[in-house]
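*Asks:* Sharing model-v3.cif below, mmCIF, N, CA, C and O atoms:
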data_coords
loop_
_atom_site.label_atom_id
_atom_site.label_comp_id
_atom_site.auth_asym_id
_atom_site.auth_seq_id
_atom_site.Cartn_x
_atom_site.Cartn_y
_atom_site.Cartn_z
N MET A 176 -15.96 45.18 -17.61
CA MET A 176 -15.17 45.65 -16.48
C MET A 176 -15.07 47.18 -16.49
O MET A 176 -15.18 47.81 -15.45
N THR A 177 -14.85 47.75 -17.67
CA THR A 177 -14.73 49.20 -17.77
C THR A 177 -16.00 49.88 -17.29
O THR A 177 -15.94 50.88 -16.57
N PHE A 178 -17.15 49.33 -17.67
CA PHE A 178 -18.43 49.88 -17.25
C PHE A 178 -18.55 49.83 -15.73
O PHE A 178 -18.94 50.82 -15.10
N ILE A 179 -18.20 48.72 -15.15
CA ILE A 179 -18.26 48.57 -13.68
C ILE A 179 -17.30 49.54 -13.02
O ILE A 179 -17.66 50.23 -12.06
N HIS A 180 -16.09 49.63 -13.50
CA HIS A 180 -15.09 50.51 -12.89
C HIS A 180 -15.50 51.97 -12.98
O HIS A 180 -15.22 52.75 -12.07
N ALA A 181 -16.18 52.34 -14.06
CA ALA A 181 -16.62 53.72 -14.22
C ALA A 181 -17.85 54.05 -13.38
O ALA A 181 -18.06 55.20 -13.01
N ARG A 182 -18.65 53.04 -13.05
CA ARG A 182 -19.93 53.29 -12.40
C ARG A 182 -20.06 52.59 -11.05
O ARG A 182 -21.17 52.47 -10.53
N TYR A 183 -18.97 52.13 -10.46
CA TYR A 183 -19.04 51.33 -9.23
C TYR A 183 -19.71 52.06 -8.07
O TYR A 183 -20.29 51.43 -7.19
N SER A 184 -19.66 53.38 -8.08
CA SER A 184 -20.26 54.12 -6.96
C SER A 184 -21.77 54.29 -7.11
O SER A 184 -22.45 54.71 -6.18
N ASP A 185 -22.30 53.94 -8.28
CA ASP A 185 -23.75 53.98 -8.53
C ASP A 185 -24.35 52.63 -8.17
O ASP A 185 -23.66 51.61 -8.21
N PRO A 186 -25.65 52.62 -7.90
CA PRO A 186 -26.30 51.32 -7.73
C PRO A 186 -26.23 50.56 -9.05
O PRO A 186 -26.64 51.08 -10.09
N LEU A 187 -25.64 49.40 -9.06
CA LEU A 187 -25.49 48.61 -10.29
C LEU A 187 -26.18 47.27 -10.12
O LEU A 187 -26.02 46.62 -9.09
N THR A 188 -26.89 46.87 -11.14
CA THR A 188 -27.48 45.53 -11.13
C THR A 188 -26.86 44.71 -12.25
O THR A 188 -26.32 45.26 -13.22
N ARG A 189 -26.98 43.44 -12.08
CA ARG A 189 -26.53 42.50 -13.10
C ARG A 189 -27.23 42.80 -14.42
O ARG A 189 -26.60 42.81 -15.49
N GLU A 190 -28.51 43.05 -14.34
CA GLU A 190 -29.30 43.32 -15.53
C GLU A 190 -28.83 44.60 -16.25
O GLU A 190 -28.78 44.63 -17.48
N GLU A 191 -28.51 45.63 -15.48
CA GLU A 191 -28.04 46.88 -16.07
C GLU A 191 -26.70 46.68 -16.79
O GLU A 191 -26.50 47.18 -17.90
N ILE A 192 -25.81 45.95 -16.17
CA ILE A 192 -24.50 45.69 -16.79
C ILE A 192 -24.68 44.87 -18.06
O ILE A 192 -24.12 45.19 -19.10
N ALA A 193 -25.48 43.82 -17.96
CA ALA A 193 -25.72 42.95 -19.12
C ALA A 193 -26.35 43.73 -20.27
O ALA A 193 -25.94 43.59 -21.42
N SER A 194 -27.33 44.55 -19.95
CA SER A 194 -28.01 45.35 -20.97
C SER A 194 -27.02 46.29 -21.65
O SER A 194 -27.07 46.47 -22.87
N HIS A 195 -26.14 46.88 -20.87
CA HIS A 195 -25.16 47.83 -21.43
C HIS A 195 -24.27 47.16 -22.48
O HIS A 195 -23.89 47.79 -23.47
N ILE A 196 -23.93 45.90 -22.26
CA ILE A 196 -23.04 45.22 -23.22
C ILE A 196 -23.80 44.30 -24.18
O ILE A 196 -23.18 43.62 -24.99
N GLY A 197 -25.14 44.27 -24.05
CA GLY A 197 -25.94 43.56 -25.02
C GLY A 197 -26.02 42.05 -24.85
O GLY A 197 -26.09 41.33 -25.85
N ILE A 198 -25.99 41.59 -23.61
CA ILE A 198 -26.12 40.16 -23.35
C ILE A 198 -27.15 39.96 -22.23
O ILE A 198 -27.56 40.92 -21.58
N SER A 199 -27.51 38.72 -21.99
CA SER A 199 -28.46 38.46 -20.90
C SER A 199 -27.73 38.47 -19.56
O SER A 199 -26.50 38.25 -19.50
N ALA A 200 -28.48 38.70 -18.51
CA ALA A 200 -27.90 38.73 -17.17
C ALA A 200 -27.32 37.36 -16.80
O ALA A 200 -26.26 37.28 -16.17
N ASP A 201 -28.00 36.30 -17.20
CA ASP A 201 -27.49 34.96 -16.91
C ASP A 201 -26.18 34.68 -17.64
O ASP A 201 -25.26 34.08 -17.08
N TYR A 202 -26.09 35.12 -18.89
CA TYR A 202 -24.86 34.93 -19.64
C TYR A 202 -23.73 35.74 -19.03
O TYR A 202 -22.59 35.27 -18.95
N LEU A 203 -24.03 36.95 -18.58
CA LEU A 203 -23.03 37.77 -17.89
C LEU A 203 -22.48 37.01 -16.68
O LEU A 203 -21.26 36.94 -16.49
N THR A 204 -23.37 36.45 -15.89
CA THR A 204 -22.94 35.70 -14.71
C THR A 204 -22.10 34.50 -15.11
O THR A 204 -21.06 34.23 -14.50
N ASP A 205 -22.53 33.79 -16.15
CA ASP A 205 -21.74 32.64 -16.63
C ASP A 205 -20.34 33.06 -17.05
O ASP A 205 -19.35 32.39 -16.73
N CYS A 206 -20.23 34.20 -17.75
CA CYS A 206 -18.92 34.69 -18.18
C CYS A 206 -18.04 35.04 -16.99
O CYS A 206 -16.85 34.70 -16.97
N PHE A 207 -18.60 35.73 -16.01
CA PHE A 207 -17.83 36.09 -14.83
C PHE A 207 -17.36 34.84 -14.09
O PHE A 207 -16.20 34.76 -13.68
N ARG A 208 -18.25 33.88 -13.93
CA ARG A 208 -17.87 32.64 -13.24
C ARG A 208 -16.77 31.90 -13.98
O ARG A 208 -15.84 31.39 -13.38
N GLN A 209 -16.88 31.86 -15.31
CA GLN A 209 -15.89 31.15 -16.11
C GLN A 209 -14.53 31.85 -16.08
O GLN A 209 -13.50 31.21 -15.93
N GLU A 210 -14.54 33.17 -16.20
CA GLU A 210 -13.28 33.91 -16.29
C GLU A 210 -12.67 34.24 -14.93
O GLU A 210 -11.45 34.23 -14.78
N LEU A 211 -13.51 34.56 -13.94
CA LEU A 211 -13.00 35.02 -12.65
C LEU A 211 -13.33 34.10 -11.48
O LEU A 211 -12.79 34.27 -10.39
N GLY A 212 -14.26 33.20 -11.70
CA GLY A 212 -14.65 32.30 -10.63
C GLY A 212 -15.60 32.92 -9.60
O GLY A 212 -15.80 32.35 -8.53
N ILE A 213 -16.14 34.09 -9.92
CA ILE A 213 -17.07 34.79 -9.02
C ILE A 213 -18.19 35.41 -9.83
O ILE A 213 -18.09 35.53 -11.05
N THR A 214 -19.25 35.84 -9.14
CA THR A 214 -20.37 36.49 -9.82
C THR A 214 -20.07 37.97 -10.04
O THR A 214 -19.18 38.53 -9.38
N PRO A 215 -20.83 38.61 -10.92
CA PRO A 215 -20.65 40.06 -11.10
C PRO A 215 -20.89 40.83 -9.80
O PRO A 215 -20.18 41.80 -9.50
N THR A 216 -21.86 40.38 -9.01
CA THR A 216 -22.16 41.06 -7.75
C THR A 216 -20.97 40.97 -6.79
O THR A 216 -20.63 41.96 -6.14
N THR A 217 -20.36 39.83 -6.71
CA THR A 217 -19.18 39.67 -5.86
C THR A 217 -18.04 40.54 -6.37
O THR A 217 -17.34 41.20 -5.59
N TYR A 218 -17.85 40.59 -7.69
CA TYR A 218 -16.81 41.42 -8.26
C TYR A 218 -17.02 42.89 -7.89
O TYR A 218 -16.08 43.58 -7.46
N ILE A 219 -18.26 43.36 -8.05
CA ILE A 219 -18.56 44.76 -7.72
C ILE A 219 -18.29 45.02 -6.25
O ILE A 219 -17.67 46.03 -5.90
N ARG A 220 -18.75 44.14 -5.38
CA ARG A 220 -18.54 44.32 -3.94
C ARG A 220 -17.05 44.39 -3.61
O ARG A 220 -16.60 45.29 -2.90
N ARG A 221 -16.27 43.49 -4.16
CA ARG A 221 -14.83 43.49 -3.88
C ARG A 221 -14.14 44.72 -4.46
O ARG A 221 -13.22 45.27 -3.83
N PHE A 222 -14.57 45.15 -5.64
CA PHE A 222 -13.99 46.35 -6.23
C PHE A 222 -14.30 47.56 -5.36
O PHE A 222 -13.42 48.40 -5.11
N ARG A 223 -15.52 47.66 -4.87
CA ARG A 223 -15.90 48.77 -3.98
C ARG A 223 -15.05 48.76 -2.71
O ARG A 223 -14.62 49.82 -2.24
N ILE A 224 -14.81 47.59 -2.16
CA ILE A 224 -14.00 47.50 -0.95
C ILE A 224 -12.56 47.93 -1.25
O ILE A 224 -11.95 48.64 -0.45
N ARG A 225 -12.01 47.52 -2.39
CA ARG A 225 -10.65 47.96 -2.76
C ARG A 225 -10.59 49.48 -2.90
O ARG A 225 -9.62 50.11 -2.46
N GLN A 226 -11.62 50.07 -3.50
CA GLN A 226 -11.66 51.52 -3.62
C GLN A 226 -11.77 52.16 -2.25
O GLN A 226 -11.13 53.18 -1.98
N ALA A 227 -12.56 51.57 -1.37
CA ALA A 227 -12.71 52.09 -0.01
C ALA A 227 -11.37 52.07 0.72
O ALA A 227 -11.05 53.01 1.46
N CYS A 228 -10.59 51.03 0.51
CA CYS A 228 -9.27 50.96 1.14
C CYS A 228 -8.41 52.15 0.73
O CYS A 228 -7.71 52.74 1.57
N GLU A 229 -8.47 52.51 -0.54
CA GLU A 229 -7.71 53.67 -1.01
C GLU A 229 -8.19 54.95 -0.34
O GLU A 229 -7.39 55.78 0.10
N PHE A 230 -9.50 55.13 -0.25
CA PHE A 230 -10.05 56.31 0.43
C PHE A 230 -9.61 56.33 1.90
O PHE A 230 -9.23 57.38 2.42
N LEU A 231 -9.67 55.19 2.56
CA LEU A 231 -9.31 55.13 3.97
C LEU A 231 -7.83 55.43 4.19
O LEU A 231 -7.46 56.05 5.17
N ARG A 232 -6.99 54.98 3.27
CA ARG A 232 -5.55 55.24 3.37
C ARG A 232 -5.21 56.70 3.08
O ARG A 232 -4.30 57.26 3.68
N ASN A 233 -5.91 57.28 2.10
CA ASN A 233 -5.46 58.54 1.52
C ASN A 233 -6.37 59.73 1.75
O ASN A 233 -6.14 60.78 1.14
N SER A 234 -7.38 59.60 2.58
CA SER A 234 -8.25 60.75 2.83
C SER A 234 -8.65 60.78 4.30
O SER A 234 -8.47 59.82 5.02
N ASP A 235 -9.21 61.91 4.68
CA ASP A 235 -9.72 62.07 6.04
C ASP A 235 -11.24 62.00 6.07
O ASP A 235 -11.85 62.40 7.06
N GLN A 236 -11.85 61.52 5.01
CA GLN A 236 -13.30 61.40 4.97
C GLN A 236 -13.77 60.45 6.06
O GLN A 236 -13.08 59.50 6.41
N SER A 237 -14.96 60.73 6.57
CA SER A 237 -15.53 59.84 7.59
C SER A 237 -15.85 58.48 6.97
O SER A 237 -15.92 58.35 5.74
N ILE A 238 -16.07 57.49 7.81
CA ILE A 238 -16.42 56.15 7.34
C ILE A 238 -17.70 56.23 6.51
O ILE A 238 -17.81 55.61 5.45
N THR A 239 -18.67 57.00 6.96
CA THR A 239 -19.92 57.17 6.23
C THR A 239 -19.67 57.79 4.86
O THR A 239 -20.23 57.35 3.85
N GLN A 240 -18.84 58.82 4.80
CA GLN A 240 -18.53 59.45 3.52
C GLN A 240 -17.85 58.47 2.57
O GLN A 240 -18.15 58.45 1.37
N VAL A 241 -16.95 57.67 3.10
CA VAL A 241 -16.28 56.66 2.27
C VAL A 241 -17.30 55.65 1.78
O VAL A 241 -17.31 55.29 0.59
N ALA A 242 -18.15 55.18 2.67
CA ALA A 242 -19.18 54.20 2.29
C ALA A 242 -20.02 54.72 1.14
O ALA A 242 -20.24 54.01 0.14
N LEU A 243 -20.49 55.95 1.25
CA LEU A 243 -21.33 56.53 0.20
C LEU A 243 -20.53 56.75 -1.09
O LEU A 243 -21.05 56.55 -2.19
N ALA A 244 -19.28 57.14 -0.96
CA ALA A 244 -18.45 57.42 -2.14
C ALA A 244 -18.19 56.17 -2.98
O ALA A 244 -18.00 56.27 -4.19
N VAL A 245 -18.17 55.01 -2.34
CA VAL A 245 -17.88 53.78 -3.08
C VAL A 245 -19.13 52.96 -3.42
O VAL A 245 -19.03 51.84 -3.91
N GLY A 246 -20.32 53.53 -3.14
CA GLY A 246 -21.52 52.89 -3.62
C GLY A 246 -22.37 52.15 -2.61
O GLY A 246 -23.33 51.48 -2.98
N PHE A 247 -22.04 52.24 -1.33
CA PHE A 247 -22.88 51.62 -0.31
C PHE A 247 -23.94 52.64 0.13
O PHE A 247 -23.65 53.83 0.21
N SER A 248 -25.12 52.15 0.44
CA SER A 248 -26.20 53.06 0.79
C SER A 248 -26.20 53.46 2.27
O SER A 248 -26.82 54.44 2.63
N ASP A 249 -25.50 52.70 3.10
CA ASP A 249 -25.39 53.09 4.51
C ASP A 249 -24.10 52.54 5.10
O ASP A 249 -23.55 51.55 4.63
N SER A 250 -23.63 53.21 6.14
CA SER A 250 -22.32 52.86 6.71
C SER A 250 -22.35 51.54 7.47
O SER A 250 -21.33 50.86 7.55
N ALA A 251 -23.49 51.16 8.03
CA ALA A 251 -23.55 49.89 8.77
C ALA A 251 -23.33 48.71 7.82
O ALA A 251 -22.54 47.79 8.12
N HIS A 252 -24.00 48.73 6.69
CA HIS A 252 -23.82 47.66 5.70
C HIS A 252 -22.38 47.67 5.17
O HIS A 252 -21.76 46.62 5.01
N PHE A 253 -21.87 48.85 4.91
CA PHE A 253 -20.47 48.98 4.47
C PHE A 253 -19.52 48.38 5.49
O PHE A 253 -18.63 47.60 5.13
N THR A 254 -19.69 48.71 6.75
CA THR A 254 -18.79 48.21 7.79
C THR A 254 -18.84 46.69 7.87
O THR A 254 -17.79 46.04 7.97
N ARG A 255 -20.04 46.12 7.84
CA ARG A 255 -20.16 44.65 7.88
C ARG A 255 -19.49 44.01 6.67
O ARG A 255 -18.74 43.03 6.80
N THR A 256 -19.72 44.57 5.50
CA THR A 256 -19.13 44.03 4.28
C THR A 256 -17.62 44.18 4.29
O THR A 256 -16.88 43.25 3.94
N PHE A 257 -17.14 45.34 4.69
CA PHE A 257 -15.71 45.60 4.75
C PHE A 257 -15.04 44.61 5.70
O PHE A 257 -14.02 44.01 5.36
N GLN A 258 -15.65 44.42 6.86
CA GLN A 258 -15.06 43.51 7.85
C GLN A 258 -15.06 42.07 7.34
O GLN A 258 -14.10 41.34 7.55
N ARG A 259 -16.11 41.67 6.65
CA ARG A 259 -16.17 40.32 6.10
C ARG A 259 -15.08 40.11 5.05
O ARG A 259 -14.42 39.08 5.02
N GLU A 260 -14.84 41.11 4.20
CA GLU A 260 -13.85 41.00 3.13
C GLU A 260 -12.41 41.18 3.63
O GLU A 260 -11.51 40.49 3.19
N MET A 261 -12.21 42.15 4.52
CA MET A 261 -10.86 42.54 4.93
C MET A 261 -10.43 41.97 6.28
O MET A 261 -9.29 42.14 6.69
N LYS A 262 -11.38 41.37 7.01
CA LYS A 262 -11.09 40.78 8.33
C LYS A 262 -10.72 41.82 9.38
O LYS A 262 -10.09 41.50 10.38
N VAL A 263 -11.11 43.07 9.12
CA VAL A 263 -10.86 44.17 10.06
C VAL A 263 -11.89 45.26 9.75
O VAL A 263 -12.36 45.36 8.61
N THR A 264 -12.26 46.04 10.74
CA THR A 264 -13.22 47.11 10.50
C THR A 264 -12.57 48.24 9.70
O THR A 264 -11.33 48.37 9.71
N PRO A 265 -13.37 49.07 9.04
CA PRO A 265 -12.79 50.21 8.32
C PRO A 265 -11.99 51.13 9.24
O PRO A 265 -10.92 51.61 8.88
N ARG A 266 -12.49 51.34 10.45
CA ARG A 266 -11.79 52.21 11.41
C ARG A 266 -10.43 51.62 11.77
O ARG A 266 -9.41 52.33 11.78
N ALA A 267 -10.38 50.32 12.05
CA ALA A 267 -9.10 49.68 12.38
C ALA A 267 -8.17 49.67 11.17
O ALA A 267 -6.96 49.87 11.32
N PHE A 268 -8.73 49.46 9.99
CA PHE A 268 -7.92 49.50 8.76
C PHE A 268 -7.26 50.87 8.62
O PHE A 268 -6.06 50.95 8.36
N ARG A 269 -8.04 51.91 8.79
CA ARG A 269 -7.50 53.27 8.69
C ARG A 269 -6.44 53.51 9.75
O ARG A 269 -5.38 54.07 9.47
N ARG A 270 -6.72 53.11 10.96
CA ARG A 270 -5.78 53.33 12.06
C ARG A 270 -4.45 52.63 11.78
O ARG A 270 -3.38 53.19 12.04
N ASN A 271 -4.51 51.44 11.22
CA ASN A 271 -3.30 50.67 10.95
C ASN A 271 -2.73 50.92 9.56
O ASN A 271 -1.65 50.40 9.25
N LYS A 272 -3.48 51.66 8.71
CA LYS A 272 -3.07 51.91 7.32
C LYS A 272 -2.66 50.62 6.65
O LYS A 272 -1.61 50.52 6.00
N GLN A 273 -3.49 49.59 6.82
CA GLN A 273 -3.16 48.26 6.30
C GLN A 273 -3.22 48.24 4.79
O GLN A 273 -3.76 49.09 4.15
N GLY A 274 -2.73 47.15 4.26
CA GLY A 274 -2.81 46.96 2.82
C GLY A 274 -1.47 46.67 2.29
O GLY A 274 -1.11 46.40 1.27
#
I need this file expressed as structure tokens, please.

*Replies:*
Amino acid sequence: MTFIHARYSDPLTREEIASHIGISADYLTDCFRQELGITPTTYIRRFRIRQACEFLRNSDQSITQVALAVGFSDSAHFTRTFQREMKVTPRAFRRNKQG
């Protein structure tokens, strides 16, 4: 978790995380599923969205800047993912200061 939290804004793969802690990627996924009920990829995505919420609440950065700051490669993918997770667009979230 510490590795993910420190590097969430970088492109992260299951294999990279597993290698960092000295286990196989499949075992990493098994551990995440057992402990959290989700995959490492889902955990990273949700953590990035939580970080994005903080940026949207507490900064004037553009949606694109926020997307890039939390590890998304483009704002369109970020917006779709944010809306799927939060049930509201990043712009509407910011406008309403939800959370």

*Asks:* Considering only C-alpha atoms, return as number ranges by chain whatever protein or nucleic-acid residues lie within 12 Å of segment 258-272 of chain A, sequence-local ones (same chain, fewer than 6 positions apart) excluded.

*Replies:* A: 217-218, 220-225, 227-242, 250-252

*Asks:* Grab the atom N of Val245 of chain A to atom O of Gln226 of chain A distance for me, in Å with one decimal place.

*Replies:* 7.3 Å

*Asks:* Interatomic distance between atom O of Ile179 of chain A and atom O of Thr214 of chain A?

*Replies:* 12.1 Å

*Asks:* Using only C-alpha atoms, find all polymer residues with an atom at most 9 Å away from the point (-25.3, 51.0, -21.3); report them as a PDB file with N, CA, C and O atoms, in the frame of the given file.

*Replies:*
ATOM      1  N   PHE A 178     -17.150  49.330 -17.670  1.00  0.00           N
ATOM      2  CA  PHE A 178     -18.430  49.880 -17.250  1.00  0.00           C
ATOM      3  C   PHE A 178     -18.550  49.830 -15.730  1.00  0.00           C
ATOM      4  O   PHE A 178     -18.940  50.820 -15.100  1.00  0.00           O
ATOM      5  N   GLU A 191     -28.510  45.630 -15.480  1.00  0.00           N
ATOM      6  CA  GLU A 191     -28.040  46.880 -16.070  1.00  0.00           C
ATOM      7  C   GLU A 191     -26.700  46.680 -16.790  1.00  0.00           C
ATOM      8  O   GLU A 191     -26.500  47.180 -17.900  1.00  0.00           O
ATOM      9  N   ILE A 192     -25.810  45.950 -16.170  1.00  0.00           N
ATOM     10  CA  ILE A 192     -24.500  45.690 -16.790  1.00  0.00           C
ATOM     11  C   ILE A 192     -24.680  44.870 -18.060  1.00  0.00           C
ATOM     12  O   ILE A 192     -24.120  45.190 -19.100  1.00  0.00           O
ATOM     13  N   ALA A 193     -25.480  43.820 -17.960  1.00  0.00           N
ATOM     14  CA  ALA A 193     -25.720  42.950 -19.120  1.00  0.00           C
ATOM     15  C   ALA A 193     -26.350  43.730 -20.270  1.00  0.00           C
ATOM     16  O   ALA A 193     -25.940  43.590 -21.420  1.00  0.00           O
ATOM     17  N   SER A 194     -27.330  44.550 -19.950  1.00  0.00           N
ATOM     18  CA  SER A 194     -28.010  45.350 -20.970  1.00  0.00           C
ATOM     19  C   SER A 194     -27.020  46.290 -21.650  1.00  0.00           C
ATOM     20  O   SER A 194     -27.070  46.470 -22.870  1.00  0.00           O
ATOM     21  N   HIS A 195     -26.140  46.880 -20.870  1.00  0.00           N
ATOM     22  CA  HIS A 195     -25.160  47.830 -21.430  1.00  0.00           C
ATOM     23  C   HIS A 195     -24.270  47.160 -22.480  1.00  0.00           C
ATOM     24  O   HIS A 195     -23.890  47.790 -23.470  1.00  0.00           O
ATOM     25  N   ILE A 196     -23.930  45.900 -22.260  1.00  0.00           N
ATOM     26  CA  ILE A 196     -23.040  45.220 -23.220  1.00  0.00           C
ATOM     27  C   ILE A 196     -23.800  44.300 -24.180  1.00  0.00           C
ATOM     28  O   ILE A 196     -23.180  43.620 -24.990  1.00  0.00           O
ATOM     29  N   GLY A 197     -25.140  44.270 -24.050  1.00  0.00           N
ATOM     30  CA  GLY A 197     -25.940  43.560 -25.020  1.00  0.00           C
ATOM     31  C   GLY A 197     -26.020  42.050 -24.850  1.00  0.00           C
ATOM     32  O   GLY A 197     -26.090  41.330 -25.850  1.00  0.00           O
TER      33      GLY A 197
END

*Asks:* Please extract the residues of chain A with a backbone DSSP assignment of alpha helix (DSSP H) and present them as a count of residues only.

*Replies:* 71

*Asks:* For each of A:Pro215, A:Ile198, A:Phe247, A:Leu203, take the minimum atom-to-atom distance to Pro186 of chain A, counting only C-alpha atoms, then give the residue where this is smallest.

*Replies:*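 Residue with the minimum atom-to-atom distance to Pro186 of chain A: A:Phe247.
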